[in-house]
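Engineer: Structure below; questions to follow.
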Amino acid sequence: MNRGIRASQVRVIGSDGEQIGILPIDEALKVAGEEALDLVEVSPGVNPPVCKIMDFGKYKYEQTKKKQEAKRKQKSTQIKEIKVRPKTDNHDLETKARHIEKFIGNNDKVKVTMVFRGREFILREQAHVVLEKVVAMTEEFAQVEQTPKNEGRVITMILGPK
């Protein structure tokens, strides 16, 4: 039973969904007690407040089940990572493009990471050419969500489904 009811009269909705009418609180509690159910305030902002006769424990259980079902149906996206180097050859890029297509097909995002080792840091222009090739190979099924971004010795770019 909800003890937060302050009004002297409430509009009561029965356990079958039909309106019983406006009753004093004591009488509404008595009606709920006869049915061995709870009197729950569903709309406190109106005048008179609306209360419903229901099994509150069962109601809370059903709400929990609905939340769990919604979570189960929810699709989660992951970020998969593909690493390339400035001197990665075209054939290797085609293979990585097929991997990207598979990941995008599973509704995942793909983070393309260009890693520089040693003196490769000088090959910045070549690195951007390689990333542009990746974008060109995947433009049918993917779009660039984050443009190539320099982070020290790493350049990253994120691709997502179209």
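We label chains A, B, ... in the order they appear in the structure tokens, count residues from 1 in each chain, and number ligands from 1 in the order shown.
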For Gly160 (chain A), please output as number ranges by chain all residues within 12 Å (counting only C-alpha atoms; exclusion window: fewer than 2 positions along the same chain).
Structural biologist: A: 77-81, 100-112, 135, 138-147, 157-158, 162
Engineer: Rounded to one decimal, what separation in Å do you get between CA of Val115 (chain A) and CA of Met137 (chain A)?
Structural biologist: 19.7 Å
Engineer: At what distance in Å, to one decimal, does CA of His99 (chain A) lie from CA of Glu125 (chain A)?
Structural biologist: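 Computing the Euclidean distance for CA of Glu125 (chain A) and CA of His99 (chain A) yields 24.6 Å.
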Engineer: Which one of A:Ser43, A:Pro49, A:Thr113, A:Leu131 sits closest to Leu23 (chain A) if you count only C-alpha atoms?
Structural biologist: A:Pro49
Engineer: Per DSSP on the backbone, filter region 8-90 of chain A down to the residues in strand (DSSP E or B) and report them as a PyMOL selection string.
Structural biologist: chain A and resi 9-13+19-24+38-43+50-54+79-84
Engineer: Grab the CA of Cys51 (chain A) to CA of Gln63 (chain A) distance for me, in Å with one decimal place.
Structural biologist: 18.2 Å
Engineer: Neighbours of region 53-56 of chain A within 12 Å (only C-alpha atoms; same-chain residues fewer than 5 positions away dropped), as an mmCIF file with C-alpha atoms, in the first residue's frame?
Structural biologist:
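Saved file result25.cif follows:
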data_model
loop_
_atom_site.group_PDB
_atom_site.id
_atom_site.type_symbol
_atom_site.label_atom_id
_atom_site.label_comp_id
_atom_site.auth_asym_id
_atom_site.auth_seq_id
_atom_site.Cartn_x
_atom_site.Cartn_y
_atom_site.Cartn_z
ATOM 1 C CA MET A 1 0.000 0.000 0.000
ATOM 2 C CA ASN A 2 1.190 3.448 -0.836
ATOM 3 C CA VAL A 10 -8.928 9.433 -4.783
ATOM 4 C CA ARG A 11 -10.082 8.211 -8.187
ATOM 5 C CA VAL A 12 -9.875 4.411 -8.065
ATOM 6 C CA ILE A 13 -9.254 2.089 -10.990
ATOM 7 C CA GLY A 14 -10.079 -1.550 -10.315
ATOM 8 C CA SER A 15 -7.802 -4.535 -10.844
ATOM 9 C CA ASP A 16 -9.630 -5.308 -14.121
ATOM 10 C CA GLY A 17 -8.921 -1.801 -15.471
ATOM 11 C CA GLU A 18 -12.435 -0.402 -15.018
ATOM 12 C CA GLN A 19 -12.991 2.827 -13.132
ATOM 13 C CA ILE A 20 -14.659 2.328 -9.778
ATOM 14 C CA ALA A 28 -10.411 2.598 -1.436
ATOM 15 C CA LEU A 29 -8.004 0.776 0.883
ATOM 16 C CA LYS A 30 -10.862 -1.394 2.109
ATOM 17 C CA VAL A 31 -11.823 -2.339 -1.492
ATOM 18 C CA ALA A 32 -8.185 -3.202 -2.244
ATOM 19 C CA GLY A 33 -7.943 -5.242 0.964
ATOM 20 C CA GLU A 34 -11.064 -7.256 0.029
ATOM 21 C CA GLU A 35 -9.357 -8.266 -3.229
ATOM 22 C CA ALA A 36 -6.089 -8.983 -1.345
ATOM 23 C CA LEU A 37 -4.284 -6.458 -3.568
ATOM 24 C CA ASP A 38 -2.471 -3.153 -3.088
ATOM 25 C CA LEU A 39 -3.709 0.395 -3.679
ATOM 26 C CA VAL A 40 -1.020 2.114 -5.761
ATOM 27 C CA GLU A 41 -0.965 5.818 -6.616
ATOM 28 C CA VAL A 42 -0.309 6.045 -10.379
ATOM 29 C CA TYR A 61 8.527 -8.206 -11.381
ATOM 30 C CA GLU A 62 6.983 -7.618 -14.834
ATOM 31 C CA GLN A 63 8.783 -4.267 -15.146
#
Engineer: Return the single residue from A:Val50, A:Phe121, A:Val134, A:Lys60 that is closest to Arg98 (chain A), with distances computed using only C-alpha atoms.
Structural biologist: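 Nearest to Arg98 (chain A): A:Val134.
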Engineer: Which residue, A:Lys58, A:Lys133, A:Pro86, A:Thr95, has the smallest gap to Ile155 (chain A) when you use only C-alpha atoms?
Structural biologist: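 Closest to Ile155 (chain A), using only C-alpha atoms: A:Pro86.
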Engineer: For Lys87 (chain A), which residue among A:Val154, A:Met114, A:Val46, A:Ile25 is the nearest when counting only C-alpha atoms?
Structural biologist: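 Smallest separation from Lys87 (chain A) among the options: A:Met114.
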Engineer: If DSSP is run on the backbone, what residues of region 100-152 of chain A are alpha helix (DSSP H)? A reply as a list of chain:residue names would be ideal.
Structural biologist: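 The alpha helix (DSSP H) residues within region 100-152 of chain A come out as A:Ile100, A:Glu101, A:Lys102, A:Phe103, A:Ile104, A:Gly105, A:Arg124, A:Glu125, A:Gln126, A:Ala127, A:His128, A:Val129, A:Val130, A:Leu131, A:Glu132, A:Lys133, A:Val134, A:Val135, A:Ala136, A:Met137, A:Thr138.
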Engineer: Which residue out of A:Lys67, A:Lys52, A:Arg153, A:Lys96 has the minimum interatomic distance to Lys83 (chain A) when only C-alpha atoms are used?
Structural biologist: A:Lys96
